Each structure stands twice: as C-alpha cells, then as structure tokens.
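Quick look at my_file_38.txt (compact mmCIF, C-alpha atoms and all ligand atoms):
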```txt
# COMPACT_ATOMS: atom_id res chain seq x y z
CA MET X 1 0.00 0.00 0.00
CA GLU X 2 2.91 2.37 0.80
CA ASP X 3 4.22 1.87 -2.73
CA TYR X 4 0.79 2.58 -4.18
CA MET X 5 0.46 5.79 -2.18
CA LYS X 6 3.86 6.94 -3.42
CA MET X 7 2.89 6.20 -7.04
CA PHE X 8 -0.39 8.14 -6.73
CA MET X 9 1.53 11.08 -5.30
CA GLU X 10 4.05 10.91 -8.16
CA GLU X 11 1.24 10.84 -10.71
CA THR X 12 -0.63 13.86 -9.30
CA ASN X 13 2.70 15.67 -8.85
CA TRP X 14 3.43 15.11 -12.53
CA TYR X 15 0.04 16.65 -13.47
CA ASN X 16 0.80 19.59 -11.17
CA GLU X 17 4.17 20.14 -12.83
CA ILE X 18 2.56 20.21 -16.27
CA VAL X 19 -0.11 22.78 -15.34
CA LEU X 20 1.49 25.03 -12.70
CA PRO X 21 4.53 27.30 -12.94
CA LYS X 22 7.71 25.90 -11.34
CA LYS X 23 7.88 28.65 -8.72
CA LEU X 24 4.69 27.45 -7.04
CA HIS X 25 6.05 23.97 -6.40
CA SER X 26 8.33 25.03 -3.58
CA MET X 27 5.88 27.64 -2.25
CA LEU X 28 2.72 25.56 -1.80
CA PRO X 29 2.01 22.22 -0.11
CA HIS X 30 1.02 19.32 -2.37
CA PHE X 31 -2.72 19.50 -1.58
CA LEU X 32 -2.93 23.19 -2.48
CA ARG X 33 -0.97 22.64 -5.69
CA SER X 34 -3.37 19.85 -6.70
CA TRP X 35 -6.38 22.01 -5.85
CA LEU X 36 -4.96 24.89 -7.90
CA ARG X 37 -4.26 22.56 -10.82
CA THR X 38 -7.77 21.07 -10.85
CA THR X 39 -9.34 24.52 -10.42
CA LEU X 40 -7.37 26.02 -13.32
CA CYS X 41 -8.20 23.04 -15.53
CA ALA X 42 -11.90 23.33 -14.59
CA PHE X 43 -11.86 27.09 -15.33
CA LEU X 44 -10.62 26.25 -18.82
CA LEU X 45 -12.59 23.07 -19.45
CA TYR X 46 -15.99 24.53 -18.51
CA PRO X 47 -16.20 27.31 -21.14
CA LEU X 48 -14.61 25.08 -23.79
CA ALA X 49 -17.18 22.33 -23.24
CA ALA X 50 -20.06 24.83 -23.01
CA PHE X 51 -19.02 26.74 -26.16
CA PHE X 52 -18.71 23.47 -28.03
CA CYS X 53 -22.23 22.47 -26.93
CA VAL X 54 -23.68 25.90 -27.78
CA ASN X 55 -22.25 25.69 -31.30
CA PHE X 56 -23.53 22.17 -31.71
CA TRP X 57 -26.86 23.41 -30.41
CA LYS X 58 -27.03 26.34 -32.85
CA ARG X 59 -27.10 23.86 -35.67
CA TYR X 60 -29.63 21.70 -33.88
CA ALA X 61 -31.79 24.66 -32.81
CA SER X 62 -31.82 26.25 -36.26
CA SER X 63 -34.30 23.61 -37.34
CA SER X 64 -36.38 23.74 -34.18
CA LYS X 65 -38.52 26.29 -32.37
CA GLU X 66 -36.34 26.17 -29.29
CA LYS X 67 -34.56 29.39 -28.48
CA MET X 68 -31.25 29.75 -26.73
CA PRO X 69 -31.04 32.07 -23.74
CA SER X 70 -29.55 35.50 -24.47
CA LYS X 71 -25.76 35.90 -24.34
CA ARG X 72 -26.20 38.03 -21.24
CA GLU X 73 -28.11 35.22 -19.51
CA MET X 74 -25.39 32.71 -20.41
CA VAL X 75 -22.70 35.06 -19.06
CA TRP X 76 -24.63 35.22 -15.75
CA GLN X 77 -24.84 31.44 -15.70
CA ALA X 78 -21.09 31.21 -16.33
CA LEU X 79 -20.37 33.66 -13.49
CA GLY X 80 -22.47 31.49 -11.18
CA ALA X 81 -20.47 28.45 -12.25
CA TYR X 82 -17.12 30.15 -11.69
CA GLN X 83 -18.12 30.83 -8.08
CA SER X 84 -18.86 27.14 -7.56
CA ILE X 85 -15.82 25.62 -9.27
CA PRO X 86 -13.27 26.20 -6.44
CA PHE X 87 -15.58 24.32 -4.01
CA SER X 88 -16.19 21.41 -6.37
CA THR X 89 -12.48 21.07 -7.03
CA LEU X 90 -11.81 21.12 -3.30
CA PHE X 91 -13.86 17.91 -3.08
CA SER X 92 -12.25 16.28 -6.12
CA THR X 93 -8.78 17.17 -4.80
CA GLY X 94 -9.91 15.55 -1.55
CA PHE X 95 -10.52 12.29 -3.46
CA GLU X 96 -6.96 12.42 -4.81
CA TRP X 97 -5.74 13.07 -1.26
CA MET X 98 -7.70 10.02 -0.03
CA ALA X 99 -5.92 7.81 -2.57
CA GLU X 100 -2.52 9.34 -1.80
CA ASN X 101 -3.05 8.63 1.91
CA GLY X 102 -4.28 5.06 1.63
CA TRP X 103 -7.99 5.66 2.25
CA THR X 104 -9.13 4.02 -0.98
CA GLN X 105 -8.93 0.69 -2.79
CA CYS X 106 -7.30 2.40 -5.82
CA TYR X 107 -4.42 0.70 -7.58
CA PRO X 108 -1.85 2.41 -9.83
CA ARG X 109 -1.26 -0.06 -12.71
CA ILE X 110 -3.76 -2.19 -14.64
CA SER X 111 -1.21 -5.04 -14.39
CA ASP X 112 -1.77 -5.00 -10.59
CA VAL X 113 -5.13 -6.74 -11.14
CA GLY X 114 -5.07 -7.79 -14.82
CA TRP X 115 -7.35 -6.65 -17.65
CA PRO X 116 -10.43 -8.83 -16.87
CA SER X 117 -10.55 -7.63 -13.24
CA TYR X 118 -9.86 -4.05 -14.37
CA VAL X 119 -12.90 -4.13 -16.67
CA ILE X 120 -15.15 -5.84 -14.09
CA TYR X 121 -14.15 -3.48 -11.26
CA THR X 122 -14.64 -0.43 -13.49
CA ILE X 123 -18.14 -1.59 -14.47
CA ILE X 124 -19.04 -2.31 -10.82
CA TYR X 125 -17.71 1.12 -9.83
CA LEU X 126 -19.71 2.89 -12.54
CA PHE X 127 -22.86 0.99 -11.63
CA ILE X 128 -22.58 1.96 -7.94
CA VAL X 129 -21.77 5.55 -8.98
CA GLU X 130 -25.04 5.59 -10.95
CA PHE X 131 -26.84 4.51 -7.79
CA GLY X 132 -24.95 7.02 -5.63
CA VAL X 133 -25.38 10.03 -7.90
CA TYR X 134 -29.09 9.23 -8.35
CA TRP X 135 -29.67 9.18 -4.58
CA ALA X 136 -27.44 12.17 -3.88
CA HIS X 137 -29.51 14.17 -6.38
CA ARG X 138 -32.85 12.78 -5.27
CA LEU X 139 -32.17 13.42 -1.57
CA MET X 140 -31.27 17.00 -2.42
CA HIS X 141 -34.87 17.30 -3.62
CA ASP X 142 -36.50 15.22 -0.88
CA ILE X 143 -34.75 16.86 2.10
CA LYS X 144 -36.40 20.25 1.93
CA PRO X 145 -33.80 22.42 3.74
CA ILE X 146 -31.05 21.01 1.51
CA TYR X 147 -33.19 21.71 -1.54
CA LYS X 148 -34.00 25.23 -0.40
CA TYR X 149 -30.49 26.33 0.50
CA ILE X 150 -28.28 24.25 -1.78
CA HIS X 151 -30.05 22.75 -4.82
CA ALA X 152 -32.73 25.39 -5.53
CA PRO X 153 -30.24 27.91 -7.03
CA HIS X 154 -29.54 25.40 -9.85
CA HIS X 155 -33.29 24.95 -10.30
CA ARG X 156 -33.99 28.62 -10.85
CA TYR X 157 -33.51 27.59 -14.48
CA SER X 158 -36.96 26.07 -14.53
CA LYS X 159 -38.06 27.25 -17.98
CA GLU X 160 -36.78 25.48 -21.04
CA ASN X 161 -35.74 28.67 -22.83
CA ILE X 162 -33.28 29.74 -20.11
CA ILE X 163 -31.47 26.39 -19.86
CA SER X 164 -28.14 26.26 -21.68
CA PRO X 165 -24.88 24.29 -21.46
CA PHE X 166 -23.61 27.10 -19.19
CA THR X 167 -26.37 26.18 -16.70
CA GLY X 168 -24.55 22.91 -16.00
CA TRP X 169 -22.12 24.04 -13.34
CA SER X 170 -24.14 27.02 -12.18
CA GLY X 171 -25.60 26.82 -8.70
CA HIS X 172 -24.75 26.83 -5.01
CA PRO X 173 -21.02 26.14 -4.39
CA LEU X 174 -21.88 22.96 -2.45
CA ASP X 175 -24.38 21.61 -5.00
CA GLY X 176 -21.97 20.03 -7.50
CA ALA X 177 -19.58 19.11 -4.69
CA LEU X 178 -22.24 17.10 -2.82
CA GLN X 179 -23.44 15.34 -5.96
CA GLU X 180 -19.89 14.22 -6.73
CA THR X 181 -19.30 12.69 -3.26
CA PRO X 182 -20.36 9.16 -4.39
CA TYR X 183 -17.32 9.13 -6.68
CA GLY X 184 -15.05 9.46 -3.65
CA ILE X 185 -16.96 7.36 -1.12
CA ILE X 186 -17.23 4.35 -3.45
CA LEU X 187 -13.45 4.46 -4.02
CA MET X 188 -13.10 3.30 -0.41
CA PHE X 189 -14.85 0.00 -1.22
CA VAL X 190 -14.28 -0.81 -4.89
CA PRO X 191 -10.79 -1.25 -6.39
CA VAL X 192 -10.45 1.24 -9.24
CA HIS X 193 -7.45 2.06 -11.40
CA PHE X 194 -6.38 5.52 -10.22
CA THR X 195 -5.84 7.14 -13.66
CA THR X 196 -9.13 5.63 -14.87
CA PHE X 197 -10.87 7.19 -11.86
CA LEU X 198 -9.42 10.62 -12.74
CA GLY X 199 -10.56 10.16 -16.35
CA LEU X 200 -14.06 9.08 -15.31
CA PHE X 201 -14.34 12.09 -13.04
CA LEU X 202 -13.33 14.39 -15.90
CA VAL X 203 -15.95 12.83 -18.18
CA GLU X 204 -18.57 13.29 -15.43
CA ALA X 205 -17.68 16.99 -15.20
CA VAL X 206 -18.12 17.45 -18.97
CA TRP X 207 -21.35 15.43 -18.82
CA GLY X 208 -22.70 18.05 -16.39
CA VAL X 209 -22.38 20.58 -19.22
CA ILE X 210 -23.66 18.33 -22.03
CA ILE X 211 -26.79 17.31 -20.13
CA HIS X 212 -28.00 20.91 -20.23
CA ASP X 213 -27.83 21.39 -24.01
CA ARG X 214 -31.52 20.39 -24.40
CA SER X 215 -30.80 18.02 -27.28
CA ASP X 216 -32.46 14.66 -27.73
CA PRO X 217 -29.69 12.11 -28.45
CA LYS X 218 -32.21 9.24 -28.94
CA ALA X 219 -29.63 6.82 -27.54
CA TRP X 220 -31.37 4.49 -25.09
CA PRO X 221 -30.46 3.85 -22.26
CA ILE X 222 -28.52 7.12 -22.07
CA MET X 223 -30.26 9.77 -20.00
CA GLY X 224 -30.21 12.44 -22.71
CA SER X 225 -30.38 16.10 -21.88
CA ASN X 226 -34.05 16.16 -22.92
CA TYR X 227 -34.65 14.04 -19.78
CA HIS X 228 -32.66 16.47 -17.65
CA THR X 229 -34.50 19.44 -19.19
CA PHE X 230 -37.72 17.78 -18.05
CA HIS X 231 -36.17 17.44 -14.59
CA HIS X 232 -35.73 21.23 -14.56
CA THR X 233 -39.16 22.11 -15.91
CA SER X 234 -41.05 19.63 -13.69
CA GLY X 235 -38.90 20.17 -10.60
CA ARG X 236 -38.83 16.39 -10.02
CA TYR X 237 -38.32 13.07 -11.90
CA ASN X 238 -35.30 11.98 -13.97
CA TYR X 239 -32.68 12.38 -11.23
CA GLY X 240 -30.28 9.97 -12.90
CA ASN X 241 -26.75 10.42 -14.14
CA TYR X 242 -25.68 8.67 -17.37
CA THR X 243 -28.53 6.22 -17.78
CA ILE X 244 -32.25 5.95 -17.18
CA PHE X 245 -31.90 2.70 -15.18
CA MET X 246 -32.03 4.14 -11.64
CA ASP X 247 -35.07 6.31 -12.37
CA TRP X 248 -36.75 3.37 -14.04
CA PHE X 249 -36.00 1.10 -11.06
CA PHE X 250 -37.08 3.62 -8.40
CA GLY X 251 -40.17 4.80 -10.30
CA THR X 252 -39.11 8.36 -11.10
CA LEU X 253 -38.52 8.04 -14.82
CA ARG X 254 -40.65 10.26 -17.05
CA HIS X 255 -40.21 10.44 -20.78
CA PRO X 256 -39.97 14.12 -21.75
CA LYS X 257 -42.20 13.82 -24.82
CA LEU X 258 -44.87 11.62 -23.24
CA ASN X 259 -45.11 13.98 -20.24
CA ALA X 260 -44.69 17.30 -22.05
CA ASN X 261 -47.75 18.82 -20.37
CA HIS X 262 -46.60 18.12 -16.84
CA VAL X 263 -47.04 21.22 -14.67
CA LYS X 264 -44.37 22.08 -12.15
CA PRO X 265 -45.76 21.61 -8.61
CA SER X 266 -46.01 24.79 -6.57
ZN ZN X 301 -32.40 18.62 -9.36
ZN ZN X 302 -29.42 20.69 -14.18
```
Mind converting the file's structure to structure tokens?
Amino acid sequence: MEDYMKMFMEETNWYNEIVLPKKLHSMLPHFLRSWLRTTLCAFLLYPLAAFFCVNFWKRYASSSKEKMPSKREMVWQALGAYQSIPFSTLFSTGFEWMAENGWTQCYPRISDVGWPSYVIYTIIYLFIVEFGVYWAHRLMHDIKPIYKYIHAPHHRYSKENIISPFTGWSGHPLDGALQETPYGIILMFVPVHFTTFLGLFLVEAVWGVIIHDRSDPKAWPIMGSNYHTFHHTSGRYNYGNYTIFMDWFFGTLRHPKLNANHVKPS
C-alpha cells in the first residue's frame, strides 16, 4: 500500500508540474498545488465544453422552435459556475488526497489486477456511482432544507428557454460538490485504477455541461439532456446520471415527450 500511495503522489505531482509554474512547487504544499491545478483546468474546461455544446446546439436549434437564452443570460450562468468551481475542485482534490493517503482501494497499474478484473471493477464502480449520484440528487430534492439552500439555485432555471450548457455548473457552491461525493466514497470500497478514476471524473464533469444542451440524443439507455431538461421544468423526476436505469428502477422516470404537459408543482 505504501508503494501505491507513493505512485499516486508521483502521478498527481506530474500533473501539477505540467499545469502550474515551477515557482509554485516550492511555495505551496502538495494539496494546495493539486487544488490549484484542478481549479485552473476546470476554469478552462468549462467554457470550452459549453461553447462546443452551444455551437452544436445552434445547428440543432436552427431547425427547431427552441430558443437559446440570451448571451447576457449565459454570461450570468457562467459567473455562477465560476463561483462554484473552487468548491467542487476542493472535493475532487480531496478524493486524490484520499488515494494518496491510503484511504481508498485504488491501484496504480492495470497489471496490478489484470485486464479482466480491471474491466469488471470499473463496471461495478460505474454501476454503484449511478446509484450514488441518483440518490445524492434525489435526496437533495426530498430533504427540503437542503433543496432550499443548496439545490434550488440550480433549479432557478426552470423554464426550457433559459437552460443552456452554461447552466450545468451554475448553482450553489456545495451543489456540485455534494453530488460528486459518491465518486469518492465508493473508491473506499471498490478497487479502481487511479488514472481511470481521474478520467471518469473528468468525463462526469463534462457530462454536467452536455446534459444541459436540451438536445435529444435518442440513444437508449442514455439519459439524454431532454430528460434532464424535463427534470428542470417539472422540478422532479429523472434524477439519474448517465442512464435511465435508476429512475426506471425507483419509479421516477418520465419520458420528456410523453409527459410534455406536466405542470411544475407549486
Ligand atoms: Zn435537481
Ligand atoms: Zn441541471
């Protein structure tokens, strides 16, 4: 385990060296350097992913009645996201810290477990993450004080025509951070390849942008952004992450087209 912890530290140190200026390495402790690195990357990744989705959307929207929010509205959404990013990255840096300090079942090389176990563990991890993210999101709705103070700011985008890819990371600073906690907690119980975990977390972050582009990917069982748009306009249902399975299993799945006339409860 000591060797593993050292290898995780070397890996995150290498990422820090790529992103941060040399001067900072002697000035800041490792945790702060990692937090700064993930925050800077998120600051860059968020607008890139959102701009990409908006451009994709322009083409999609040109043949539909759906309007994009004004540029001003999207700038406001982006400002809201930039306030939240340093808190979210504090949590994700905490997951790296957990691995570096032996709190997780992470392993550094695929050869440590072999390819078949690598694939099986990754699938198990992703399946439990689906469960965890679903319940983290659903409980944020069901526990009223948490909804009111933490999740409601993200749900002020309750009309379809003000939802945009920039909405994705916009909300209370603790909102995204709490919804990403399953990623870290499950690492304590399921062996996951460390670099794969970092990659999966990155994909999840981008997914948070994509799922607000209001498109209909028609790719069952993926929970397309039309499902998440319905989550915003109804204020309930479709709490899931990548797939519709958890909502289907727990009875909260609603197809956006079949339920288009649903009225948001007061
Ligand atoms: Zn919600
Ligand atoms: Zn949303």
Can I get the residues close to ligand ZN 301 (chain X) as a ChimeraX atom specification, where close means within 7 Å and we count only C-alpha atoms and all ligand atoms?
-> /X:137,141,151,155,231-232,235-236,239
How big is the axis-aligned box around all listed atoms of range 130-134 of chain X once 3 Å goes on each side, and where's its centre, in Å to one decimal, as AutoDock Vina command-line options?
```
--center_x -27.0 --center_y 7.3 --center_z -8.3 --size_x 10.1 --size_y 11.5 --size_z 11.3
```
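Relative to CA of Gly80 in chain X, CA of Ser170 in chain X is found at 4.9 Å.
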Could you tell me how far CA of Trp169 in chain X lies from CA of Phe189 in chain X, in Å and to one decimal?
-> 27.9 Å
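Proximal residues of ligand ZN 302 (chain X) are His154, His155, Thr167, Gly168, Gly208, Ile211, His212, His228, Thr229, His231 and His232 of chain X, by a cut-off of 8 Å on only C-alpha atoms and all ligand atoms.
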Write to file, as a compact mmCIF listing (two decimals), keeping the file's coordinate frame, the residues of the selection just made, with C-alpha atoms.
```
# COMPACT_ATOMS: atom_id res chain seq x y z
CA HIS X 154 -29.54 25.40 -9.85
CA HIS X 155 -33.29 24.95 -10.30
CA THR X 167 -26.37 26.18 -16.70
CA GLY X 168 -24.55 22.91 -16.00
CA GLY X 208 -22.70 18.05 -16.39
CA ILE X 211 -26.79 17.31 -20.13
CA HIS X 212 -28.00 20.91 -20.23
CA HIS X 228 -32.66 16.47 -17.65
CA THR X 229 -34.50 19.44 -19.19
CA HIS X 231 -36.17 17.44 -14.59
CA HIS X 232 -35.73 21.23 -14.56
```
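Interatomic distance, CA of Leu45 in chain X against CA of Thr12 in chain X: 18.2 Å.
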Could you name the residues that touch range 65-79 of chain X at 12 Å or less, counting all atoms listed in the file, but leaving out those on the same chain fewer than 2 positions away, as a PDB file with C-alpha atoms, in the frame of the given file?
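Result file follows (around-v4.pdb):
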```pdb
ATOM      1  CA  PHE X  43     -11.860  27.090 -15.330  1.00  0.00           C
ATOM      2  CA  LEU X  44     -10.620  26.250 -18.820  1.00  0.00           C
ATOM      3  CA  TYR X  46     -15.990  24.530 -18.510  1.00  0.00           C
ATOM      4  CA  PRO X  47     -16.200  27.310 -21.140  1.00  0.00           C
ATOM      5  CA  LEU X  48     -14.610  25.080 -23.790  1.00  0.00           C
ATOM      6  CA  ALA X  49     -17.180  22.330 -23.240  1.00  0.00           C
ATOM      7  CA  ALA X  50     -20.060  24.830 -23.010  1.00  0.00           C
ATOM      8  CA  PHE X  51     -19.020  26.740 -26.160  1.00  0.00           C
ATOM      9  CA  CYS X  53     -22.230  22.470 -26.930  1.00  0.00           C
ATOM     10  CA  VAL X  54     -23.680  25.900 -27.780  1.00  0.00           C
ATOM     11  CA  ASN X  55     -22.250  25.690 -31.300  1.00  0.00           C
ATOM     12  CA  PHE X  56     -23.530  22.170 -31.710  1.00  0.00           C
ATOM     13  CA  TRP X  57     -26.860  23.410 -30.410  1.00  0.00           C
ATOM     14  CA  LYS X  58     -27.030  26.340 -32.850  1.00  0.00           C
ATOM     15  CA  ARG X  59     -27.100  23.860 -35.670  1.00  0.00           C
ATOM     16  CA  TYR X  60     -29.630  21.700 -33.880  1.00  0.00           C
ATOM     17  CA  ALA X  61     -31.790  24.660 -32.810  1.00  0.00           C
ATOM     18  CA  SER X  62     -31.820  26.250 -36.260  1.00  0.00           C
ATOM     19  CA  SER X  63     -34.300  23.610 -37.340  1.00  0.00           C
ATOM     20  CA  ALA X  81     -20.470  28.450 -12.250  1.00  0.00           C
ATOM     21  CA  TYR X  82     -17.120  30.150 -11.690  1.00  0.00           C
ATOM     22  CA  GLN X  83     -18.120  30.830  -8.080  1.00  0.00           C
ATOM     23  CA  SER X  84     -18.860  27.140  -7.560  1.00  0.00           C
ATOM     24  CA  ILE X  85     -15.820  25.620  -9.270  1.00  0.00           C
ATOM     25  CA  PRO X 153     -30.240  27.910  -7.030  1.00  0.00           C
ATOM     26  CA  HIS X 154     -29.540  25.400  -9.850  1.00  0.00           C
ATOM     27  CA  HIS X 155     -33.290  24.950 -10.300  1.00  0.00           C
ATOM     28  CA  ARG X 156     -33.990  28.620 -10.850  1.00  0.00           C
ATOM     29  CA  TYR X 157     -33.510  27.590 -14.480  1.00  0.00           C
ATOM     30  CA  LYS X 159     -38.060  27.250 -17.980  1.00  0.00           C
ATOM     31  CA  GLU X 160     -36.780  25.480 -21.040  1.00  0.00           C
ATOM     32  CA  ASN X 161     -35.740  28.670 -22.830  1.00  0.00           C
ATOM     33  CA  ILE X 162     -33.280  29.740 -20.110  1.00  0.00           C
ATOM     34  CA  ILE X 163     -31.470  26.390 -19.860  1.00  0.00           C
ATOM     35  CA  SER X 164     -28.140  26.260 -21.680  1.00  0.00           C
ATOM     36  CA  PRO X 165     -24.880  24.290 -21.460  1.00  0.00           C
ATOM     37  CA  PHE X 166     -23.610  27.100 -19.190  1.00  0.00           C
ATOM     38  CA  THR X 167     -26.370  26.180 -16.700  1.00  0.00           C
ATOM     39  CA  GLY X 168     -24.550  22.910 -16.000  1.00  0.00           C
ATOM     40  CA  TRP X 169     -22.120  24.040 -13.340  1.00  0.00           C
ATOM     41  CA  SER X 170     -24.140  27.020 -12.180  1.00  0.00           C
ATOM     42  CA  GLY X 171     -25.600  26.820  -8.700  1.00  0.00           C
ATOM     43  CA  HIS X 172     -24.750  26.830  -5.010  1.00  0.00           C
ATOM     44  CA  PRO X 173     -21.020  26.140  -4.390  1.00  0.00           C
ATOM     45  CA  VAL X 209     -22.380  20.580 -19.220  1.00  0.00           C
ATOM     46  CA  HIS X 212     -28.000  20.910 -20.230  1.00  0.00           C
ATOM     47  CA  ASP X 213     -27.830  21.390 -24.010  1.00  0.00           C
ATOM     48  CA  ARG X 214     -31.520  20.390 -24.400  1.00  0.00           C
ATOM     49  CA  SER X 215     -30.800  18.020 -27.280  1.00  0.00           C
TER      50      SER X 215
END
```
Pick from X:Pro86, X:Gly132, X:Pro145, X:Pro191 nearest to Tyr107 in chain X, counting all atoms listed in the file | X:Pro191
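Closest approach to Ala42 in chain X among X:Val19, X:Gly224, X:Tyr149, X:Ile128: X:Val19, based on all atoms listed in the file.
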Close residues, Leu24 in chain X itself excluded, 8 Å, only C-alpha atoms, min 4 positions apart in chain, as a ChimeraX atom specification | /X:20,28,33
So that I can see what lies close to Leu200 in chain X, please list as a PDB file with C-alpha atoms, in the frame of the given file the residues with an atom at most 12 Å from it, counting only C-alpha atoms and leaving out residues fewer than 4 positions away in the same chain.
```
ATOM      1  CA  SER X  92     -12.250  16.280  -6.120  1.00  0.00           C
ATOM      2  CA  THR X 122     -14.640  -0.430 -13.490  1.00  0.00           C
ATOM      3  CA  ILE X 123     -18.140  -1.590 -14.470  1.00  0.00           C
ATOM      4  CA  TYR X 125     -17.710   1.120  -9.830  1.00  0.00           C
ATOM      5  CA  LEU X 126     -19.710   2.890 -12.540  1.00  0.00           C
ATOM      6  CA  VAL X 129     -21.770   5.550  -8.980  1.00  0.00           C
ATOM      7  CA  GLU X 180     -19.890  14.220  -6.730  1.00  0.00           C
ATOM      8  CA  TYR X 183     -17.320   9.130  -6.680  1.00  0.00           C
ATOM      9  CA  GLY X 184     -15.050   9.460  -3.650  1.00  0.00           C
ATOM     10  CA  VAL X 192     -10.450   1.240  -9.240  1.00  0.00           C
ATOM     11  CA  HIS X 193      -7.450   2.060 -11.400  1.00  0.00           C
ATOM     12  CA  PHE X 194      -6.380   5.520 -10.220  1.00  0.00           C
ATOM     13  CA  THR X 195      -5.840   7.140 -13.660  1.00  0.00           C
ATOM     14  CA  THR X 196      -9.130   5.630 -14.870  1.00  0.00           C
ATOM     15  CA  GLU X 204     -18.570  13.290 -15.430  1.00  0.00           C
ATOM     16  CA  ALA X 205     -17.680  16.990 -15.200  1.00  0.00           C
ATOM     17  CA  VAL X 206     -18.120  17.450 -18.970  1.00  0.00           C
ATOM     18  CA  TRP X 207     -21.350  15.430 -18.820  1.00  0.00           C
ATOM     19  CA  TYR X 242     -25.680   8.670 -17.370  1.00  0.00           C
TER      20      TYR X 242
END
```
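The set of protein, DNA and RNA residues with any counted atom at most 9 Å from (-6.3, 5.1, -0.3) (all atoms listed in the file) reads Met1, Tyr4, Met5, Phe95, Glu96, Trp97, Met98, Ala99, Glu100, Asn101, Gly102, Trp103, Thr104, Gln105, Cys106, Tyr107, Leu187 and Met188 of chain X.
Minimum atom-to-atom distance to Gly176 in chain X, evaluated using only C-alpha atoms, belongs to X:Phe87 out of X:Phe87, X:Trp115, X:Trp35, X:Phe250.
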In terms of all atoms listed in the file, the residue from X:Ile143, X:Ala152, X:Ala136, X:Thr181 at minimal distance from Gly94 in chain X is X:Thr181
Would you mind exporting range 13-28 of chain X with N, CA and C atoms, as a PDB file, in the first residue's frame?
```pdb
ATOM      1  N   ASN X  13       1.614  14.692  -8.805  1.00  0.00           N
ATOM      2  CA  ASN X  13       2.700  15.667  -8.848  1.00  0.00           C
ATOM      3  C   ASN X  13       3.080  15.983 -10.286  1.00  0.00           C
ATOM      4  N   TRP X  14       3.103  14.941 -11.107  1.00  0.00           N
ATOM      5  CA  TRP X  14       3.427  15.109 -12.527  1.00  0.00           C
ATOM      6  C   TRP X  14       2.383  16.013 -13.206  1.00  0.00           C
ATOM      7  N   TYR X  15       1.088  15.780 -12.904  1.00  0.00           N
ATOM      8  CA  TYR X  15       0.038  16.649 -13.472  1.00  0.00           C
ATOM      9  C   TYR X  15       0.244  18.093 -13.005  1.00  0.00           C
ATOM     10  N   ASN X  16       0.589  18.244 -11.707  1.00  0.00           N
ATOM     11  CA  ASN X  16       0.799  19.593 -11.171  1.00  0.00           C
ATOM     12  C   ASN X  16       1.940  20.297 -11.888  1.00  0.00           C
ATOM     13  N   GLU X  17       3.000  19.541 -12.162  1.00  0.00           N
ATOM     14  CA  GLU X  17       4.165  20.139 -12.828  1.00  0.00           C
ATOM     15  C   GLU X  17       3.836  20.582 -14.248  1.00  0.00           C
ATOM     16  N   ILE X  18       2.939  19.843 -14.897  1.00  0.00           N
ATOM     17  CA  ILE X  18       2.562  20.212 -16.271  1.00  0.00           C
ATOM     18  C   ILE X  18       1.767  21.517 -16.266  1.00  0.00           C
ATOM     19  N   VAL X  19       0.847  21.653 -15.311  1.00  0.00           N
ATOM     20  CA  VAL X  19      -0.106  22.776 -15.336  1.00  0.00           C
ATOM     21  C   VAL X  19       0.420  24.031 -14.625  1.00  0.00           C
ATOM     22  N   LEU X  20       1.132  23.870 -13.527  1.00  0.00           N
ATOM     23  CA  LEU X  20       1.489  25.035 -12.700  1.00  0.00           C
ATOM     24  C   LEU X  20       2.925  25.497 -12.955  1.00  0.00           C
ATOM     25  N   PRO X  21       3.161  26.801 -12.804  1.00  0.00           N
ATOM     26  CA  PRO X  21       4.532  27.304 -12.936  1.00  0.00           C
ATOM     27  C   PRO X  21       5.457  26.719 -11.866  1.00  0.00           C
ATOM     28  N   LYS X  22       6.739  26.556 -12.225  1.00  0.00           N
ATOM     29  CA  LYS X  22       7.705  25.900 -11.336  1.00  0.00           C
ATOM     30  C   LYS X  22       7.789  26.561  -9.962  1.00  0.00           C
ATOM     31  N   LYS X  23       7.718  27.889  -9.959  1.00  0.00           N
ATOM     32  CA  LYS X  23       7.879  28.655  -8.721  1.00  0.00           C
ATOM     33  C   LYS X  23       6.945  28.165  -7.613  1.00  0.00           C
ATOM     34  N   LEU X  24       5.708  27.821  -8.030  1.00  0.00           N
ATOM     35  CA  LEU X  24       4.686  27.451  -7.038  1.00  0.00           C
ATOM     36  C   LEU X  24       5.001  26.146  -6.322  1.00  0.00           C
ATOM     37  N   HIS X  25       5.825  25.303  -6.960  1.00  0.00           N
ATOM     38  CA  HIS X  25       6.053  23.972  -6.397  1.00  0.00           C
ATOM     39  C   HIS X  25       6.738  24.003  -5.040  1.00  0.00           C
ATOM     40  N   SER X  26       7.655  24.969  -4.886  1.00  0.00           N
ATOM     41  CA  SER X  26       8.326  25.032  -3.578  1.00  0.00           C
ATOM     42  C   SER X  26       7.521  25.877  -2.593  1.00  0.00           C
ATOM     43  N   MET X  27       6.614  26.719  -3.130  1.00  0.00           N
ATOM     44  CA  MET X  27       5.881  27.645  -2.254  1.00  0.00           C
ATOM     45  C   MET X  27       4.664  27.003  -1.589  1.00  0.00           C
ATOM     46  N   LEU X  28       4.004  26.083  -2.308  1.00  0.00           N
ATOM     47  CA  LEU X  28       2.724  25.556  -1.803  1.00  0.00           C
ATOM     48  C   LEU X  28       2.829  24.076  -1.425  1.00  0.00           C
TER      49      LEU X  28
END
```
